[in-house]
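Down below is the structure, laid out as structure tokens.
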Amino acid sequence: MKYLIIVSLSLIFIGCKSADNQVKEDVFQSDTTIISNTYPPINNNTVIDIMEKLKVCTTSDTIKNLPPCSNEYFRVFKLGPDKAYDQGFILEMKAGSFGTPVEQTLIIHKGFNKYQIINQYLGFLVETRTTKSGFNDLLMAYQDSEIGIVAIKHVYDGVKYQPVEVEEINGYYIKEKLKDSINHLFIDNFNAGY
């Protein structure tokens with residue numbers, strides 16, 4: 001009888017320990033990358049080829065209305081840590097490109113063997129955060145003429161990125177009790193892109 005109790009308790013302990021380990025293994029640790037103000041050289045021929053095919057820039061001197069495909073105007077980020085550039089990428093353009101006075105950010109994604117611009121925002125990237133889905137969450141900043149810089153979290157919904165929550169205004173985090181009203185103001189009436 002004593003032996004049976006010890007075996008039963010051991011099995012219960014092992015079962016609990018195994019369940020505890022399973023919970024720990026399922027927890028995803030997100031990494032945040034803060035985006036600097038540098039524009040490193042674009043050393044990826046696939047990216048340059050895609051940018052040129054989408055008529056965002058040119059490597060030829062004959063097309064006068066497009067800027068050159070260089071870091072003078074653009075910088076490129078991965079959609080996620082395991083996403084190759086040939087699957088798509090984030091393309092940020094300096095202010096003044098294409099006649100807009102603010103930075104623009106394009107999300108380029110490959111679907112059905114074709115590259116498409118799935119999002120175009122009149123803002124710039126502040127942070128990327130890894131997710132379990134493989135597509136980074138994006139914290140993007142937008143200039144509001146009355147308030148200042150509004151930082152909004154964008155999440156990939158399986159088709160494109162969607163703005164979901166205002167996180168900061170002028171570098172200050174939003175208090176929890178104010179989030180609903182601020183989100184209503186900026187997210188429900190979002191007009192800085194698609």
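Each chain in the structure tokens gets a letter, A, B and so on, in the order shown; residues start at 1 in every chain, and ligands are counted from 1 in the order they appear.
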
(request) Write out as a count of residues only all residues of stretch 2-166 of chain A that backbone DSSP assigns to strand (DSSP E or B). (result) 61

For stretch 85-191 of chain A against stretch 51-70 of chain A, with a cut-off of 10 Å and counting only C-alpha atoms, what is the closest atom pair and its distance in Å to one decimal for every residue that makes the cut, ordered by chain and number, as a tab-separated table?
residue	atom	partner	partner_atom	distance
A:Leu91	CA	A:Met51	CA	8.8
A:Met93	CA	A:Val56	CA	9.6
A:Ser97	CA	A:Pro67	CA	7.6
A:Phe98	CA	A:Leu66	CA	7.9
A:Leu106	CA	A:Val56	CA	9.9
A:Ile108	CA	A:Met51	CA	9.0
A:Tyr115	CA	A:Leu54	CA	7.8
A:Gln116	CA	A:Leu54	CA	7.7
A:Ile117	CA	A:Leu54	CA	8.2

(message) Between atom CA of A:Val76 and atom CA of A:Val155, what is the distance in Å, rounded to a tenth?
(response)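 Distance between the two atoms: 18.3 Å.
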
(message) Which residues are close to stretch 133-147 of chain A, i.e. within 7 Å by only C-alpha atoms, leaving aside same-chain residues fewer than 3 positions away? Reply as a ChimeraX atom specification.
(response) /A:79-80,82,122-130,150-156

Next, dump the selected residues to file, keeping only C-alpha atoms, as an mmCIF file, in the first residue's frame.
data_model
loop_
_atom_site.group_PDB
_atom_site.id
_atom_site.type_symbol
_atom_site.label_atom_id
_atom_site.label_comp_id
_atom_site.auth_asym_id
_atom_site.auth_seq_id
_atom_site.Cartn_x
_atom_site.Cartn_y
_atom_site.Cartn_z
ATOM 1 C CA LEU A 79 8.514 41.930 -42.171
ATOM 2 C CA GLY A 80 9.727 39.518 -39.497
ATOM 3 C CA ASP A 82 12.397 34.766 -40.433
ATOM 4 C CA LEU A 122 2.080 58.729 -44.122
ATOM 5 C CA GLY A 123 4.270 58.044 -41.122
ATOM 6 C CA PHE A 124 7.563 56.507 -40.063
ATOM 7 C CA LEU A 125 8.676 53.413 -38.206
ATOM 8 C CA VAL A 126 9.596 53.769 -34.508
ATOM 9 C CA GLU A 127 9.813 50.122 -33.387
ATOM 10 C CA THR A 128 9.302 46.584 -34.628
ATOM 11 C CA ARG A 129 8.226 43.792 -32.278
ATOM 12 C CA THR A 130 8.466 40.102 -33.092
ATOM 13 C CA VAL A 150 1.220 60.169 -32.294
ATOM 14 C CA ALA A 151 2.668 56.628 -32.110
ATOM 15 C CA ILE A 152 0.242 53.885 -33.158
ATOM 16 C CA LYS A 153 0.687 50.115 -32.969
ATOM 17 C CA HIS A 154 -0.075 48.242 -36.225
ATOM 18 C CA VAL A 155 -0.735 44.488 -36.369
ATOM 19 C CA TYR A 156 -0.741 42.150 -39.376
#

(message) Taking only C-alpha atoms into account, name the residue in A:Tyr173, A:Pro81, A:Pro163, A:Ile187 that is nearest to A:Thr32.
(response) A:Pro81

(request) Please run DSSP on the backbone and report, as a PyMOL selection string, all residues within stretch 33-83 of chain A that come out as helix (DSSP H, G or I). (result) chain A and resi 45-53

Take the residues from that selection and write them out as a PDB file, in the first residue's frame, keeping C-alpha atoms.
ATOM      1  CA  ASN A  45      19.372  43.176 -55.400  1.00  0.00           C
ATOM      2  CA  THR A  46      16.029  41.421 -54.878  1.00  0.00           C
ATOM      3  CA  VAL A  47      14.706  44.420 -52.932  1.00  0.00           C
ATOM      4  CA  ILE A  48      15.941  46.891 -55.547  1.00  0.00           C
ATOM      5  CA  ASP A  49      14.409  44.801 -58.346  1.00  0.00           C
ATOM      6  CA  ILE A  50      11.032  44.686 -56.551  1.00  0.00           C
ATOM      7  CA  MET A  51      11.123  48.429 -55.824  1.00  0.00           C
ATOM      8  CA  GLU A  52      11.836  49.130 -59.498  1.00  0.00           C
ATOM      9  CA  LYS A  53       9.088  46.769 -60.734  1.00  0.00           C
TER      10      LYS A  53
END

Leaving out stretch 176-181 of chain A and any residue of its chain fewer than 6 positions from it, which residues lie within 10 Å of it when counting only C-alpha atoms, given as a tab-separated table (two decimals) with N, CA, C and O atoms, in the first residue's frame?
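Saved as result.tsv:
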chain	number	residue	atom	x	y	z
A	165	GLU	N	-3.92	50.49	-31.85
A	165	GLU	CA	-3.89	51.15	-30.54
A	165	GLU	C	-2.88	52.30	-30.54
A	165	GLU	O	-1.77	52.15	-31.03
A	166	VAL	N	-3.30	53.43	-29.95
A	166	VAL	CA	-2.37	54.54	-29.74
A	166	VAL	C	-1.58	54.21	-28.48
A	166	VAL	O	-2.15	53.93	-27.43
A	167	GLU	N	-0.25	54.22	-28.60
A	167	GLU	CA	0.60	53.89	-27.45
A	167	GLU	C	1.26	55.11	-26.83
A	167	GLU	O	1.48	55.15	-25.62
A	187	ILE	N	-7.83	55.96	-33.87
A	187	ILE	CA	-7.97	54.68	-34.58
A	187	ILE	C	-9.28	54.64	-35.36
A	187	ILE	O	-9.30	54.30	-36.54

(message) Would you compute the distance between atom CA of A:Asn191 and atom CA of A:Tyr121? Give it in Å to one decimal.
(response)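 Taking atom CA of A:Asn191 as the start and atom CA of A:Tyr121 as the end point, the length is 9.0 Å.
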
(message) I'd like the interatomic distance between atom CA of A:Asn71 and atom CA of A:Tyr39, to a tenth of an Å.
(response)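 That distance, rounded to one decimal, is 5.5 Å.
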